[in-house]
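**Q** This is the content of run08.pdb (PDB, C-alpha atoms, pLDDT in the B column):
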ATOM      1  CA  MET I  16       9.378 -47.740  75.963  1.00 75.00           C
ATOM      2  CA  LYS I  17       6.188 -49.655  76.717  1.00 80.00           C
ATOM      3  CA  ILE I  18       2.606 -48.470  76.458  1.00 81.00           C
ATOM      4  CA  SER I  19       2.243 -48.892  80.231  1.00 82.00           C
ATOM      5  CA  ASP I  20       4.822 -46.097  80.585  1.00 83.00           C
ATOM      6  CA  LEU I  21       2.394 -43.714  78.849  1.00 83.00           C
ATOM      7  CA  GLU I  22      -0.950 -44.664  80.352  1.00 82.00           C
ATOM      8  CA  SER I  23      -0.634 -42.311  83.326  1.00 87.00           C
ATOM      9  CA  TYR I  24      -0.263 -39.202  81.124  1.00 91.00           C
ATOM     10  CA  ASP I  25      -3.145 -37.049  79.852  1.00 93.00           C
ATOM     11  CA  THR I  26      -1.161 -35.621  76.930  1.00 94.00           C
ATOM     12  CA  MET I  27       1.383 -37.416  74.791  1.00 92.00           C
ATOM     13  CA  ILE I  28       3.651 -35.845  72.198  1.00 94.00           C
ATOM     14  CA  TYR I  29       5.461 -38.139  69.801  1.00 93.00           C
ATOM     15  CA  GLY I  30       7.880 -37.037  67.100  1.00 93.00           C
ATOM     16  CA  GLY I  31       9.322 -39.066  64.273  1.00 90.00           C
ATOM     17  CA  GLY I  32      11.097 -38.615  60.999  1.00 84.00           C
ATOM     18  CA  LEU I  33       9.117 -38.946  57.813  1.00 81.00           C
ATOM     19  CA  TYR I  34      10.405 -41.633  55.449  1.00 78.00           C
ATOM     20  CA  ALA I  35       8.416 -42.287  52.265  1.00 72.00           C
ATOM     21  CA  GLU I  36       5.262 -41.046  53.993  1.00 79.00           C
ATOM     22  CA  MET I  37       5.800 -43.329  57.001  1.00 85.00           C
ATOM     23  CA  ILE I  38       6.416 -41.888  60.472  1.00 90.00           C
ATOM     24  CA  ALA I  39       9.348 -43.640  62.123  1.00 89.00           C
ATOM     25  CA  GLY I  40       8.386 -45.439  65.330  1.00 89.00           C
ATOM     26  CA  VAL I  41       4.736 -44.399  65.457  1.00 90.00           C
ATOM     27  CA  SER I  42       3.586 -48.009  65.802  1.00 88.00           C
ATOM     28  CA  LEU I  43       3.706 -47.717  69.607  1.00 87.00           C
ATOM     29  CA  ILE I  44       0.719 -45.404  69.297  1.00 88.00           C
ATOM     30  CA  THR I  45      -1.078 -47.118  66.420  1.00 88.00           C
ATOM     31  CA  LYS I  46      -0.919 -50.568  67.994  1.00 88.00           C
ATOM     32  CA  ASN I  47      -2.213 -49.257  71.314  1.00 87.00           C
ATOM     33  CA  ILE I  48      -4.705 -46.582  70.317  1.00 86.00           C
ATOM     34  CA  GLN I  49      -7.529 -48.203  72.333  1.00 86.00           C
ATOM     35  CA  LYS I  50      -5.443 -48.061  75.520  1.00 86.00           C
ATOM     36  CA  LEU I  51      -4.880 -44.341  74.912  1.00 87.00           C
ATOM     37  CA  GLU I  52      -8.570 -43.509  74.521  1.00 87.00           C
ATOM     38  CA  GLY I  53      -9.475 -40.119  75.992  1.00 89.00           C
ATOM     39  CA  LYS I  54      -5.905 -38.830  75.985  1.00 91.00           C
ATOM     40  CA  LYS I  55      -4.617 -35.894  73.958  1.00 94.00           C
ATOM     41  CA  ILE I  56      -2.278 -37.432  71.400  1.00 93.00           C
ATOM     42  CA  ILE I  57       0.002 -35.193  69.379  1.00 95.00           C
ATOM     43  CA  VAL I  58       2.285 -36.507  66.675  1.00 93.00           C
ATOM     44  CA  PHE I  59       4.819 -34.405  64.829  1.00 92.00           C
ATOM     45  CA  THR I  60       7.038 -35.249  61.931  1.00 89.00           C
ATOM     46  CA  THR I  61      10.178 -33.787  60.515  1.00 86.00           C
ATOM     47  CA  GLY I  62      11.108 -34.055  56.898  1.00 82.00           C
ATOM     48  CA  ILE I  63      12.223 -32.145  53.854  1.00 83.00           C
ATOM     49  CA  THR I  64       8.869 -31.815  52.106  1.00 79.00           C
ATOM     50  CA  PRO I  65       7.935 -28.113  52.191  1.00 77.00           C
ATOM     51  CA  ILE I  66       5.522 -27.172  54.959  1.00 72.00           C
ATOM     52  CA  ASP I  67       3.173 -25.573  52.440  1.00 75.00           C
ATOM     53  CA  MET I  68       2.352 -29.074  51.229  1.00 74.00           C
ATOM     54  CA  ARG I  69      -0.057 -29.381  54.186  1.00 69.00           C
ATOM     55  CA  ARG I  70      -2.688 -31.226  52.136  1.00 71.00           C
ATOM     56  CA  TYR I  71      -0.057 -33.868  51.362  1.00 70.00           C
ATOM     57  CA  TYR I  72       0.642 -34.355  55.059  1.00 67.00           C
ATOM     58  CA  ASP I  73      -2.946 -34.224  56.221  1.00 69.00           C
ATOM     59  CA  ASP I  74      -4.282 -36.625  53.628  1.00 76.00           C
ATOM     60  CA  LEU I  75      -1.570 -39.024  52.597  1.00 80.00           C
ATOM     61  CA  VAL I  76       0.662 -39.250  55.666  1.00 84.00           C
ATOM     62  CA  MET I  77      -2.162 -39.395  58.204  1.00 85.00           C
ATOM     63  CA  LYS I  78      -4.106 -42.032  56.325  1.00 84.00           C
ATOM     64  CA  LYS I  79      -1.024 -44.151  55.632  1.00 86.00           C
ATOM     65  CA  ASN I  80       0.067 -44.170  59.272  1.00 89.00           C
ATOM     66  CA  PHE I  81      -3.255 -44.229  61.109  1.00 87.00           C
ATOM     67  CA  LYS I  82      -5.738 -46.761  59.749  1.00 83.00           C
ATOM     68  CA  GLY I  83      -9.513 -46.470  59.911  1.00 78.00           C
ATOM     69  CA  ASN I  84     -10.682 -43.497  61.913  1.00 77.00           C
ATOM     70  CA  THR I  85      -7.628 -43.639  64.199  1.00 78.00           C
ATOM     71  CA  TYR I  86      -6.212 -40.495  62.593  1.00 75.00           C
ATOM     72  CA  GLU I  87      -9.221 -38.507  63.818  1.00 78.00           C
ATOM     73  CA  LYS I  88      -8.007 -39.028  67.407  1.00 83.00           C
ATOM     74  CA  ILE I  89      -4.571 -37.557  66.746  1.00 89.00           C
ATOM     75  CA  LYS I  90      -3.443 -33.974  66.152  1.00 91.00           C
ATOM     76  CA  MET I  91      -0.652 -33.853  63.600  1.00 89.00           C
ATOM     77  CA  PHE I  92       2.065 -31.242  63.153  1.00 89.00           C
ATOM     78  CA  ASN I  93       4.697 -31.296  60.439  1.00 86.00           C
ATOM     79  CA  PHE I  94       7.983 -29.477  60.676  1.00 87.00           C
ATOM     80  CA  PRO I  95      10.772 -28.905  58.194  1.00 86.00           C
ATOM     81  CA  GLY I  96      13.899 -30.853  59.038  1.00 87.00           C
ATOM     82  CA  LYS I  97      17.264 -31.380  57.479  1.00 89.00           C
ATOM     83  CA  MET I  98      18.923 -33.652  55.015  1.00 90.00           C
ATOM     84  CA  ILE I  99      22.668 -33.365  54.757  1.00 92.00           C
ATOM     85  CA  LEU I 100      23.533 -35.726  51.934  1.00 90.00           C
ATOM     86  CA  SER I 101      27.079 -36.316  53.150  1.00 92.00           C
ATOM     87  CA  GLU I 102      25.752 -37.392  56.583  1.00 94.00           C
ATOM     88  CA  LEU I 103      23.221 -39.943  55.350  1.00 91.00           C
ATOM     89  CA  THR I 104      23.772 -43.617  56.021  1.00 93.00           C
ATOM     90  CA  LEU I 105      24.231 -45.969  53.092  1.00 95.00           C
ATOM     91  CA  PRO I 106      20.658 -47.339  53.373  1.00 91.00           C
ATOM     92  CA  HIS I 107      19.230 -43.796  53.362  1.00 88.00           C
ATOM     93  CA  ARG I 108      21.352 -42.714  50.392  1.00 90.00           C
ATOM     94  CA  THR I 109      20.384 -45.879  48.540  1.00 93.00           C
ATOM     95  CA  ALA I 110      16.684 -45.274  49.243  1.00 88.00           C
ATOM     96  CA  ILE I 111      16.907 -41.713  47.945  1.00 88.00           C
ATOM     97  CA  ILE I 112      18.687 -42.819  44.779  1.00 91.00           C
ATOM     98  CA  ALA I 113      16.050 -45.533  44.216  1.00 91.00           C
ATOM     99  CA  LEU I 114      13.200 -43.087  44.837  1.00 87.00           C
ATOM    100  CA  LYS I 115      14.622 -40.560  42.408  1.00 90.00           C
ATOM    101  CA  LYS I 116      15.137 -43.246  39.765  1.00 92.00           C
ATOM    102  CA  LEU I 117      11.603 -44.567  40.241  1.00 89.00           C
ATOM    103  CA  MET I 118       9.965 -41.129  40.099  1.00 86.00           C
ATOM    104  CA  SER I 119      12.135 -39.954  37.197  1.00 91.00           C
ATOM    105  CA  GLY I 120      11.102 -42.979  35.161  1.00 91.00           C
ATOM    106  CA  LYS I 121       7.416 -42.149  35.288  1.00 91.00           C
ATOM    107  CA  GLU I 122       5.920 -41.103  31.984  1.00 92.00           C
ATOM    108  CA  ASN I 123       3.530 -38.486  33.377  1.00 91.00           C
ATOM    109  CA  PRO I 124       4.632 -37.686  36.936  1.00 88.00           C
ATOM    110  CA  THR I 125       2.183 -35.893  39.216  1.00 86.00           C
ATOM    111  CA  GLU I 126       3.130 -32.598  40.842  1.00 82.00           C
ATOM    112  CA  MET I 127       3.957 -34.490  44.049  1.00 77.00           C
ATOM    113  CA  GLU I 128       6.173 -36.923  42.149  1.00 83.00           C
ATOM    114  CA  LYS I 129       7.977 -34.012  40.488  1.00 87.00           C
ATOM    115  CA  LEU I 130       8.500 -32.493  43.933  1.00 83.00           C
ATOM    116  CA  LEU I 131       9.889 -35.776  45.259  1.00 82.00           C
ATOM    117  CA  ILE I 132      12.393 -35.885  42.390  1.00 87.00           C
ATOM    118  CA  GLU I 133      13.507 -32.363  43.287  1.00 88.00           C
ATOM    119  CA  LEU I 134      13.698 -33.154  47.011  1.00 86.00           C
ATOM    120  CA  CYS I 135      16.026 -36.096  46.375  1.00 88.00           C
ATOM    121  CA  ASP I 136      18.714 -33.490  45.686  1.00 90.00           C
ATOM    122  CA  ALA I 137      17.859 -31.303  48.686  1.00 88.00           C
ATOM    123  CA  ASP I 138      20.882 -30.712  50.856  1.00 91.00           C
ATOM    124  CA  GLY I 139      20.689 -28.564  53.939  1.00 92.00           C
ATOM    125  CA  ASP I 140      19.058 -27.747  57.227  1.00 92.00           C
ATOM    126  CA  PHE I 141      15.540 -26.429  56.672  1.00 89.00           C
ATOM    127  CA  SER I 142      14.460 -26.571  60.314  1.00 89.00           C
ATOM    128  CA  ASP I 143      12.937 -23.605  62.083  1.00 89.00           C
ATOM    129  CA  ARG I 144      12.481 -23.768  65.852  1.00 90.00           C
ATOM    130  CA  ALA I 145       9.704 -21.156  65.703  1.00 92.00           C
ATOM    131  CA  CYS I 146       7.473 -23.729  64.003  1.00 88.00           C
ATOM    132  CA  ILE I 147       6.954 -25.568  67.291  1.00 93.00           C
ATOM    133  CA  ALA I 148       4.946 -22.693  68.816  1.00 95.00           C
ATOM    134  CA  GLU I 149       1.650 -23.979  67.387  1.00 93.00           C
ATOM    135  CA  LEU I 150       2.258 -27.452  68.811  1.00 96.00           C
ATOM    136  CA  VAL I 151       3.102 -26.067  72.246  1.00 96.00           C
ATOM    137  CA  ALA I 152      -0.005 -23.869  72.248  1.00 96.00           C
ATOM    138  CA  TYR I 153      -2.190 -26.855  71.329  1.00 96.00           C
ATOM    139  CA  ALA I 154      -0.603 -29.052  74.008  1.00 96.00           C
ATOM    140  CA  MET I 155      -1.204 -26.395  76.663  1.00 94.00           C
ATOM    141  CA  GLN I 156      -4.947 -26.101  75.918  1.00 91.00           C
TER     142      GLN I 156
END
Please, can you express the file's structure as structure tokens?

**A**
Amino acid sequence: MKISDLESYDTMIYGGGLYAEMIAGVSLITKNIQKLEGKKIIVFTTGITPIDMRRYYDDLVMKKNFKGNTYEKIKMFNFPGKMILSELTLPHRTAIIALKKLMSGKENPTEMEKLLIELCDADGDFSDRACIAELVAYAMQ
């Protein structure tokens, strides 16, 4: 997809998986934010971090993915997803093992780091289709 494909729309909704606080594929928006000026831009993520960690998403994920004041132009939604360990690709499994080893080796891990260690062993589908209602309502405004 090219940015010219999106310029004729008033509202754009982009969804991407969350990998180590980075939103997969969101660079199409971040690299072209000036061309999208005045449009309603909605980004949603899916991941295994619990939804009640909203501060984590709002602060860390937004600021890591959208530099400067870019994040102020985007409405973010975060949805629980799934992680079926047996279905992960080798690179994903390797990344999770490395993350767990890194976080477990910290002398005084933060609460978020402790959560990340725990999430490395998460196995299941945590998605809930009802979560999308807020995004749809916002998009329809």

**Q** Please identify all polymer residues within 12 Å of I:Ser101, counting all atoms listed in the file, omitting same-chain residues fewer than 6 positions from it, and present them as a list in words.

**A**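 After dropping sequence-adjacent residues, the list is His107, Arg108, Asp136, Ala137, Asp138 and Gly139 of chain I.
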
**Q** Apply the PyMOL selection byres ((chain I and resi 66) around 12) to the displayed file and report the matching residues as a CSV table (one decimal) with C-alpha atoms, in the coordinates of the input.

**A**
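What ended up in expr23.csv:
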chain,number,residue,atom,x,y,z
I,60,THR,CA,7.0,-35.2,61.9
I,61,THR,CA,10.2,-33.8,60.5
I,62,GLY,CA,11.1,-34.1,56.9
I,63,ILE,CA,12.2,-32.1,53.9
I,64,THR,CA,8.9,-31.8,52.1
I,65,PRO,CA,7.9,-28.1,52.2
I,67,ASP,CA,3.2,-25.6,52.4
I,68,MET,CA,2.4,-29.1,51.2
I,69,ARG,CA,-0.1,-29.4,54.2
I,70,ARG,CA,-2.7,-31.2,52.1
I,71,TYR,CA,-0.1,-33.9,51.4
I,72,TYR,CA,0.6,-34.4,55.1
I,73,ASP,CA,-2.9,-34.2,56.2
I,92,PHE,CA,2.1,-31.2,63.2
I,93,ASN,CA,4.7,-31.3,60.4
I,94,PHE,CA,8.0,-29.5,60.7
I,95,PRO,CA,10.8,-28.9,58.2
I,96,GLY,CA,13.9,-30.9,59.0
I,141,PHE,CA,15.5,-26.4,56.7
I,142,SER,CA,14.5,-26.6,60.3
I,143,ASP,CA,12.9,-23.6,62.1
I,146,CYS,CA,7.5,-23.7,64.0

**Q** Nearest to I:Ile132: which of I:Leu33, I:Leu114, I:Leu75, I:Ala39 is it, counting only C-alpha atoms?

**A**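 The answer is I:Leu114, which sits nearest to I:Ile132.
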
**Q** For I:Lys54, which residue out of I:Tyr86, I:Phe81, I:Tyr29, I:Tyr24 is the nearest one, using all atoms listed in the file?

**A**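 Closest to I:Lys54 of all the choices is I:Tyr24.
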
**Q** I need the residue nearest I:Leu51 from this list: I:Leu103, I:Val151, I:Leu21, I:Met16. Use only C-alpha atoms for the distance.

**A**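 Closest residue, counting only C-alpha atoms: I:Leu21.
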
**Q** Kindly resolve the PyMOL selection byres ((chain I and resi 118) around 12) on the present coordinates and return the residues as a JSON list (two decimals) with C-alpha atoms, in the coordinates of the input.

**A**
[["chain", "number", "residue", "atom", "x", "y", "z"],
["I", 111, "ILE", "CA", 16.91, -41.71, 47.94],
["I", 112, "ILE", "CA", 18.69, -42.82, 44.78],
["I", 113, "ALA", "CA", 16.05, -45.53, 44.22],
["I", 114, "LEU", "CA", 13.20, -43.09, 44.84],
["I", 115, "LYS", "CA", 14.62, -40.56, 42.41],
["I", 116, "LYS", "CA", 15.14, -43.25, 39.76],
["I", 117, "LEU", "CA", 11.60, -44.57, 40.24],
["I", 119, "SER", "CA", 12.14, -39.95, 37.20],
["I", 120, "GLY", "CA", 11.10, -42.98, 35.16],
["I", 121, "LYS", "CA", 7.42, -42.15, 35.29],
["I", 122, "GLU", "CA", 5.92, -41.10, 31.98],
["I", 123, "ASN", "CA", 3.53, -38.49, 33.38],
["I", 124, "PRO", "CA", 4.63, -37.69, 36.94],
["I", 125, "THR", "CA", 2.18, -35.89, 39.22],
["I", 126, "GLU", "CA", 3.13, -32.60, 40.84],
["I", 127, "MET", "CA", 3.96, -34.49, 44.05],
["I", 128, "GLU", "CA", 6.17, -36.92, 42.15],
["I", 129, "LYS", "CA", 7.98, -34.01, 40.49],
["I", 130, "LEU", "CA", 8.50, -32.49, 43.93],
["I", 131, "LEU", "CA", 9.89, -35.78, 45.26],
["I", 132, "ILE", "CA", 12.39, -35.88, 42.39],
["I", 133, "GLU", "CA", 13.51, -32.36, 43.29],
["I", 134, "LEU", "CA", 13.70, -33.15, 47.01],
["I", 135, "CYS", "CA", 16.03, -36.10, 46.38]]

**Q** To one decimal place in Å, what is the distance between atom CA of I:Lys55 and atom CA of I:Asp74?

**A**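 Separating atom CA of I:Lys55 from atom CA of I:Asp74 is a distance of 20.3 Å.
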
**Q** Rank I:Ile99, I:Lys88, I:Thr45, I:Ala154 by their smallest atom-to-atom distance to I:Met27, using all atoms listed in the file, and report the top residue only.

**A** I:Ala154

**Q** Work out where the centre of an axis-aligned box around every listed atom of stretch 143-155 of chain I lies and how long its edges are once 6 Å is added on each side; give both in Å to one decimal as JSON.

**A**
{"center_x": 5.4, "center_y": -25.1, "center_z": 69.4, "size_x": 27.1, "size_y": 19.9, "size_z": 26.6}

**Q** Save stretch 72-96 of chain I of the structure in the block above to a file, with N, CA and C atoms included, as a PDB file, in the first residue's frame.

**A**
ATOM      1  N   TYR I  72       0.657   1.545  27.665  1.00  0.00           N
ATOM      2  CA  TYR I  72       0.387   1.780  26.251  1.00  0.00           C
ATOM      3  C   TYR I  72       0.449   3.261  25.914  1.00  0.00           C
ATOM      4  N   ASP I  73      -0.282   4.052  26.672  1.00  0.00           N
ATOM      5  CA  ASP I  73      -0.402   5.469  26.348  1.00  0.00           C
ATOM      6  C   ASP I  73       0.943   6.179  26.388  1.00  0.00           C
ATOM      7  N   ASP I  74       1.737   5.875  27.374  1.00  0.00           N
ATOM      8  CA  ASP I  74       3.021   6.567  27.509  1.00  0.00           C
ATOM      9  C   ASP I  74       4.110   5.944  26.647  1.00  0.00           C
ATOM     10  N   LEU I  75       4.460   4.733  26.957  1.00  0.00           N
ATOM     11  CA  LEU I  75       5.615   4.105  26.333  1.00  0.00           C
ATOM     12  C   LEU I  75       5.405   3.784  24.856  1.00  0.00           C
ATOM     13  N   VAL I  76       4.343   3.090  24.536  1.00  0.00           N
ATOM     14  CA  VAL I  76       4.121   2.657  23.151  1.00  0.00           C
ATOM     15  C   VAL I  76       3.893   3.850  22.232  1.00  0.00           C
ATOM     16  N   MET I  77       3.061   4.790  22.643  1.00  0.00           N
ATOM     17  CA  MET I  77       2.805   5.953  21.792  1.00  0.00           C
ATOM     18  C   MET I  77       4.078   6.741  21.543  1.00  0.00           C
ATOM     19  N   LYS I  78       4.826   7.003  22.581  1.00  0.00           N
ATOM     20  CA  LYS I  78       6.024   7.829  22.416  1.00  0.00           C
ATOM     21  C   LYS I  78       7.136   7.104  21.668  1.00  0.00           C
ATOM     22  N   LYS I  79       7.185   5.792  21.769  1.00  0.00           N
ATOM     23  CA  LYS I  79       8.200   5.040  21.019  1.00  0.00           C
ATOM     24  C   LYS I  79       7.882   4.984  19.525  1.00  0.00           C
ATOM     25  N   ASN I  80       6.603   4.946  19.188  1.00  0.00           N
ATOM     26  CA  ASN I  80       6.206   4.783  17.794  1.00  0.00           C
ATOM     27  C   ASN I  80       5.941   6.087  17.064  1.00  0.00           C
ATOM     28  N   PHE I  81       5.569   7.117  17.799  1.00  0.00           N
ATOM     29  CA  PHE I  81       5.204   8.393  17.177  1.00  0.00           C
ATOM     30  C   PHE I  81       6.048   9.497  17.793  1.00  0.00           C
ATOM     31  N   LYS I  82       7.072   9.924  17.077  1.00  0.00           N
ATOM     32  CA  LYS I  82       8.041  10.884  17.584  1.00  0.00           C
ATOM     33  C   LYS I  82       7.473  12.306  17.625  1.00  0.00           C
ATOM     34  N   GLY I  83       8.095  13.118  18.482  1.00  0.00           N
ATOM     35  CA  GLY I  83       7.673  14.512  18.620  1.00  0.00           C
ATOM     36  C   GLY I  83       6.240  14.581  19.098  1.00  0.00           C
ATOM     37  N   ASN I  84       5.488  15.485  18.522  1.00  0.00           N
ATOM     38  CA  ASN I  84       4.078  15.609  18.909  1.00  0.00           C
ATOM     39  C   ASN I  84       3.165  14.833  17.971  1.00  0.00           C
ATOM     40  N   THR I  85       3.736  13.984  17.134  1.00  0.00           N
ATOM     41  CA  THR I  85       2.956  13.186  16.181  1.00  0.00           C
ATOM     42  C   THR I  85       1.880  12.383  16.887  1.00  0.00           C
ATOM     43  N   TYR I  86       2.198  11.836  18.061  1.00  0.00           N
ATOM     44  CA  TYR I  86       1.246  10.981  18.765  1.00  0.00           C
ATOM     45  C   TYR I  86      -0.006  11.730  19.201  1.00  0.00           C
ATOM     46  N   GLU I  87       0.064  13.048  19.273  1.00  0.00           N
ATOM     47  CA  GLU I  87      -1.116  13.836  19.646  1.00  0.00           C
ATOM     48  C   GLU I  87      -2.157  13.867  18.534  1.00  0.00           C
ATOM     49  N   LYS I  88      -1.768  13.514  17.323  1.00  0.00           N
ATOM     50  CA  LYS I  88      -2.663  13.529  16.163  1.00  0.00           C
ATOM     51  C   LYS I  88      -3.336  12.190  15.924  1.00  0.00           C
ATOM     52  N   ILE I  89      -3.029  11.215  16.774  1.00  0.00           N
ATOM     53  CA  ILE I  89      -3.487   9.845  16.558  1.00  0.00           C
ATOM     54  C   ILE I  89      -4.242   9.352  17.781  1.00  0.00           C
ATOM     55  N   LYS I  90      -5.379   8.707  17.556  1.00  0.00           N
ATOM     56  CA  LYS I  90      -6.127   8.069  18.641  1.00  0.00           C
ATOM     57  C   LYS I  90      -5.714   6.602  18.670  1.00  0.00           C
ATOM     58  N   MET I  91      -5.309   6.161  19.857  1.00  0.00           N
ATOM     59  CA  MET I  91      -4.785   4.806  20.008  1.00  0.00           C
ATOM     60  C   MET I  91      -5.746   3.926  20.787  1.00  0.00           C
ATOM     61  N   PHE I  92      -5.908   2.703  20.325  1.00  0.00           N
ATOM     62  CA  PHE I  92      -6.682   1.683  21.031  1.00  0.00           C
ATOM     63  C   PHE I  92      -5.797   0.445  21.141  1.00  0.00           C
ATOM     64  N   ASN I  93      -5.928  -0.253  22.237  1.00  0.00           N
ATOM     65  CA  ASN I  93      -5.106  -1.435  22.476  1.00  0.00           C
ATOM     66  C   ASN I  93      -6.005  -2.598  22.862  1.00  0.00           C
ATOM     67  N   PHE I  94      -5.859  -3.684  22.155  1.00  0.00           N
ATOM     68  CA  PHE I  94      -6.719  -4.833  22.375  1.00  0.00           C
ATOM     69  C   PHE I  94      -5.905  -6.066  22.761  1.00  0.00           C
ATOM     70  N   PRO I  95      -6.474  -6.894  23.617  1.00  0.00           N
ATOM     71  CA  PRO I  95      -5.790  -8.150  23.926  1.00  0.00           C
ATOM     72  C   PRO I  95      -5.803  -9.060  22.698  1.00  0.00           C
ATOM     73  N   GLY I  96      -4.734  -9.782  22.525  1.00  0.00           N
ATOM     74  CA  GLY I  96      -4.609 -10.675  21.374  1.00  0.00           C
ATOM     75  C   GLY I  96      -4.369 -12.095  21.822  1.00  0.00           C
TER      76      GLY I  96
END
